[in-house]
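So the structure is just underneath, and the comments pick up after that.
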Amino acid sequence: MHVRVTDYDPRWADLFAREAAAIRAVLGENCVAVHHIGSTAVPGLAAKPVIDMMPVVHSLAAADAQSAAFEALGYECMGEFGIAGRRYYRKGGDERTHQIHIFAEGDVRNIGRHLAVRDYLRAHPAEAAAYGALKRELAARFPEDIEGYCDGKDAFVRGLERRALAWEAERAAGR
């Protein structure tokens with residue numbers, strides 16, 4: 001897979017909104033919410049132009065029953081794909097355009113960490129800029145090596161997640 005990082009594109013919010021509507025239609029009453037997550041959800045942040053979406057559902061089993069409907073929208077079902085309790089779908093093949101990360105509403109750890117990182121980056125532009133610079137450097141160094149790109153981000157992302165969760169805990173405590 002070719003690794004390409006681009007400047008923030010304000011159209012990403014509209015692309016998310018359109019796709020989220022289709023996802024809500026597929027999931028029906030099982031859908032609690034659909035969140036825009038990942039780098040394309042952070043205004044100003046350089047990103048791979050792939051829209052990450054996190055539907056939250058009442059039942060993973062009911063979501064699993066909609067695999068054919070997701071395939072009709074162009075998604076490939078990848079199962080948990082390395083995260084227990086997640087249902088991962090991707091669209092666009094090697095030139096991926098969208099990714100879906102479905103979690104059950106009781107999975108507060110995974111839901112919370114994705115939202116905390118997004119909100120933290122939105123509230124901390126210097127962190128977002130540092131993350132964007134790292135992604136650009138890694139994309140230049142590993143243009144055809146998605147594993148190398150991801151491995152290069154790993155330590156930064158783990159630290160980012162720790163900072164974001166601590167920040168979110170402080171916000172929740174009213175500090």
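Ordering of the structure tokens sets the chain letters (A, B, ...); residue numbers start at 1 within each chain; ligands are numbered from 1 in the order shown.
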All residues 8 Å or closer to segment 43-46 of chain A, only C-alpha atoms, same chain fewer than 3 positions away omitted, as a PyMOL selection string | chain A and resi 5-10+39-40+122+128-129+131-133+135-136
Generate the output file for the selected residues, N, CA and C atoms, as a PDB file, in the first residue's frame.
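Saved result, part02.pdb, follows:
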```pdb
ATOM      1  N   VAL A   5       0.561  11.122   2.866  1.00  0.00           N
ATOM      2  CA  VAL A   5       0.043  12.037   3.884  1.00  0.00           C
ATOM      3  C   VAL A   5      -0.172  13.377   3.200  1.00  0.00           C
ATOM      4  N   THR A   6      -1.362  13.942   3.383  1.00  0.00           N
ATOM      5  CA  THR A   6      -1.713  15.200   2.726  1.00  0.00           C
ATOM      6  C   THR A   6      -2.067  16.269   3.765  1.00  0.00           C
ATOM      7  N   ASP A   7      -2.114  17.504   3.318  1.00  0.00           N
ATOM      8  CA  ASP A   7      -2.609  18.581   4.163  1.00  0.00           C
ATOM      9  C   ASP A   7      -4.059  18.287   4.539  1.00  0.00           C
ATOM     10  N   TYR A   8      -4.498  18.864   5.642  1.00  0.00           N
ATOM     11  CA  TYR A   8      -5.892  18.734   6.047  1.00  0.00           C
ATOM     12  C   TYR A   8      -6.797  19.224   4.911  1.00  0.00           C
ATOM     13  N   ASP A   9      -7.876  18.504   4.697  1.00  0.00           N
ATOM     14  CA  ASP A   9      -8.848  18.857   3.664  1.00  0.00           C
ATOM     15  C   ASP A   9     -10.202  19.079   4.335  1.00  0.00           C
ATOM     16  N   PRO A  10     -10.745  20.294   4.290  1.00  0.00           N
ATOM     17  CA  PRO A  10     -12.029  20.547   4.949  1.00  0.00           C
ATOM     18  C   PRO A  10     -13.171  19.697   4.398  1.00  0.00           C
ATOM     19  N   SER A  39      -7.118  11.049  12.312  1.00  0.00           N
ATOM     20  CA  SER A  39      -6.515  12.321  11.926  1.00  0.00           C
ATOM     21  C   SER A  39      -7.408  13.179  11.048  1.00  0.00           C
ATOM     22  N   THR A  40      -8.240  12.572  10.202  1.00  0.00           N
ATOM     23  CA  THR A  40      -9.103  13.386   9.337  1.00  0.00           C
ATOM     24  C   THR A  40     -10.189  14.099  10.130  1.00  0.00           C
ATOM     25  N   ARG A 122      -7.587  18.091  18.881  1.00  0.00           N
ATOM     26  CA  ARG A 122      -8.350  19.288  18.505  1.00  0.00           C
ATOM     27  C   ARG A 122      -8.042  20.441  19.458  1.00  0.00           C
ATOM     28  N   ALA A 128      -0.907  18.407  17.651  1.00  0.00           N
ATOM     29  CA  ALA A 128      -1.378  18.005  16.325  1.00  0.00           C
ATOM     30  C   ALA A 128      -0.310  18.313  15.274  1.00  0.00           C
ATOM     31  N   ALA A 129       0.336  19.463  15.386  1.00  0.00           N
ATOM     32  CA  ALA A 129       1.386  19.824  14.427  1.00  0.00           C
ATOM     33  C   ALA A 129       2.568  18.867  14.522  1.00  0.00           C
ATOM     34  N   TYR A 131       2.480  15.762  15.543  1.00  0.00           N
ATOM     35  CA  TYR A 131       2.027  14.488  14.995  1.00  0.00           C
ATOM     36  C   TYR A 131       2.011  14.543  13.466  1.00  0.00           C
ATOM     37  N   GLY A 132       1.509  15.629  12.913  1.00  0.00           N
ATOM     38  CA  GLY A 132       1.483  15.782  11.463  1.00  0.00           C
ATOM     39  C   GLY A 132       2.882  15.772  10.868  1.00  0.00           C
ATOM     40  N   ALA A 133       3.825  16.451  11.524  1.00  0.00           N
ATOM     41  CA  ALA A 133       5.211  16.472  11.034  1.00  0.00           C
ATOM     42  C   ALA A 133       5.816  15.073  11.055  1.00  0.00           C
ATOM     43  N   LYS A 135       4.180  12.227  10.820  1.00  0.00           N
ATOM     44  CA  LYS A 135       3.547  11.439   9.758  1.00  0.00           C
ATOM     45  C   LYS A 135       4.119  11.790   8.388  1.00  0.00           C
ATOM     46  N   ARG A 136       4.362  13.065   8.144  1.00  0.00           N
ATOM     47  CA  ARG A 136       4.953  13.464   6.857  1.00  0.00           C
ATOM     48  C   ARG A 136       6.353  12.874   6.691  1.00  0.00           C
TER      49      ARG A 136
END
```
Extract, using only C-alpha atoms, all DNA, RNA and protein residues at most 12 Å from Glu19 of chain A, discarding same-chain residues fewer than 6 positions from it, and format them as a list of chain:residue names.
-> A:Trp12, A:Ala13, A:Ala25, A:Val26, A:Val34, A:His35, A:His36, A:Ile51, A:Asp52, A:Met53, A:Met54, A:Pro55, A:Phe70, A:Leu73, A:Gly74, A:Tyr75, A:Lys91, A:Thr97, A:His98, A:Gln99, A:Ile100
Residues flagged alpha helix (DSSP H) by DSSP in chain A, as a ChimeraX atom specification = /A:11-27,60-64,67-72,108-123,125-141,146-172
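Nearest residue to Glu161 of chain A, choosing from A:Ala116, A:Ile102, A:Leu60, A:Ala21 and counting only C-alpha atoms: A:Ala116.
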Nearest candidate to Ala20 of chain A (options A:Ile37, A:Gly148, A:Ala126, A:Asp107; using only C-alpha atoms) =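 So, comparing all the options, the nearest one is A:Ile37.
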Please run DSSP on the backbone and report, as JSON, numbers by chain, all residues within segment 15-63 of chain A that come out as strand (DSSP E or B).
-> {"A": [31, 32, 33, 34, 35, 36, 37, 47, 51, 52, 53, 54, 55, 56, 57]}
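Interatomic distance, atom CA of Leu165 of chain A to atom CA of Gly38 of chain A: 15.1 Å.
In this comparison, which uses only C-alpha atoms, the residue of A:Val117, A:Ile83, A:Ala41, A:Val50 approaching Arg96 of chain A most closely is A:Val50.
Across A:Val56, A:Cys31, A:Leu138, A:Ala68, the tightest approach to Arg4 of chain A is made by A:Leu138 when counting only C-alpha atoms.
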Hey, can you check how far atom CA of Arg18 of chain A sits from atom CA of Glu76 of chain A?
->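 Interatomic distance, atom CA of Arg18 of chain A to atom CA of Glu76 of chain A: 18.5 Å.
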Minimum-distance residue to Glu71 of chain A, chosen among A:Gly92, A:Tyr149, A:Glu170, A:Asp154 (using only C-alpha atoms) |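 Between A:Gly92, A:Tyr149, A:Glu170, A:Asp154, the residue approaching Glu71 of chain A most closely is A:Gly92.
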Selection near Glu29 of chain A, 12 Å with only C-alpha atoms, sequence-local residues under 2 positions removed, as JSON, numbers by chain | {"A": [23, 24, 25, 26, 27, 31, 32, 33, 56, 57, 58, 59, 62, 63]}
May I ask which of the residues A:Lys153, A:Arg109, A:His114, A:Arg162 is the closest one to Ala130 of chain A, counting only C-alpha atoms?
->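 Among the listed residues, A:Lys153 lies closest to Ala130 of chain A.
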With a distance cut-off of 12 Å and only C-alpha atoms, select the neighbouring residues of Gly152 of chain A, excluding the residue or stretch itself and same-chain residues fewer than 5 positions from it, and output the selection as a compact mmCIF listing (two decimals) with C-alpha atoms, in the first residue's frame.
```
# COMPACT_ATOMS: atom_id res chain seq x y z
CA TYR A 131 2.03 14.49 14.99
CA LEU A 134 6.05 12.95 12.19
CA LYS A 135 3.55 11.44 9.76
CA ARG A 136 4.95 13.46 6.86
CA GLU A 137 8.50 12.40 7.71
CA LEU A 138 7.50 8.73 7.98
CA ALA A 139 5.50 8.82 4.73
CA ALA A 140 8.58 10.23 2.97
CA ARG A 141 10.80 7.57 4.52
CA PHE A 142 8.40 4.64 3.98
CA ASP A 145 5.84 0.33 3.47
CA ILE A 146 2.70 0.80 5.60
CA GLU A 147 4.17 -1.40 8.35
CA VAL A 157 0.85 7.38 19.40
CA ARG A 158 1.15 5.43 22.67
```
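From atom CA of Gln66 of chain A back to atom CA of Ala17 of chain A, the distance works out to 20.0 Å.
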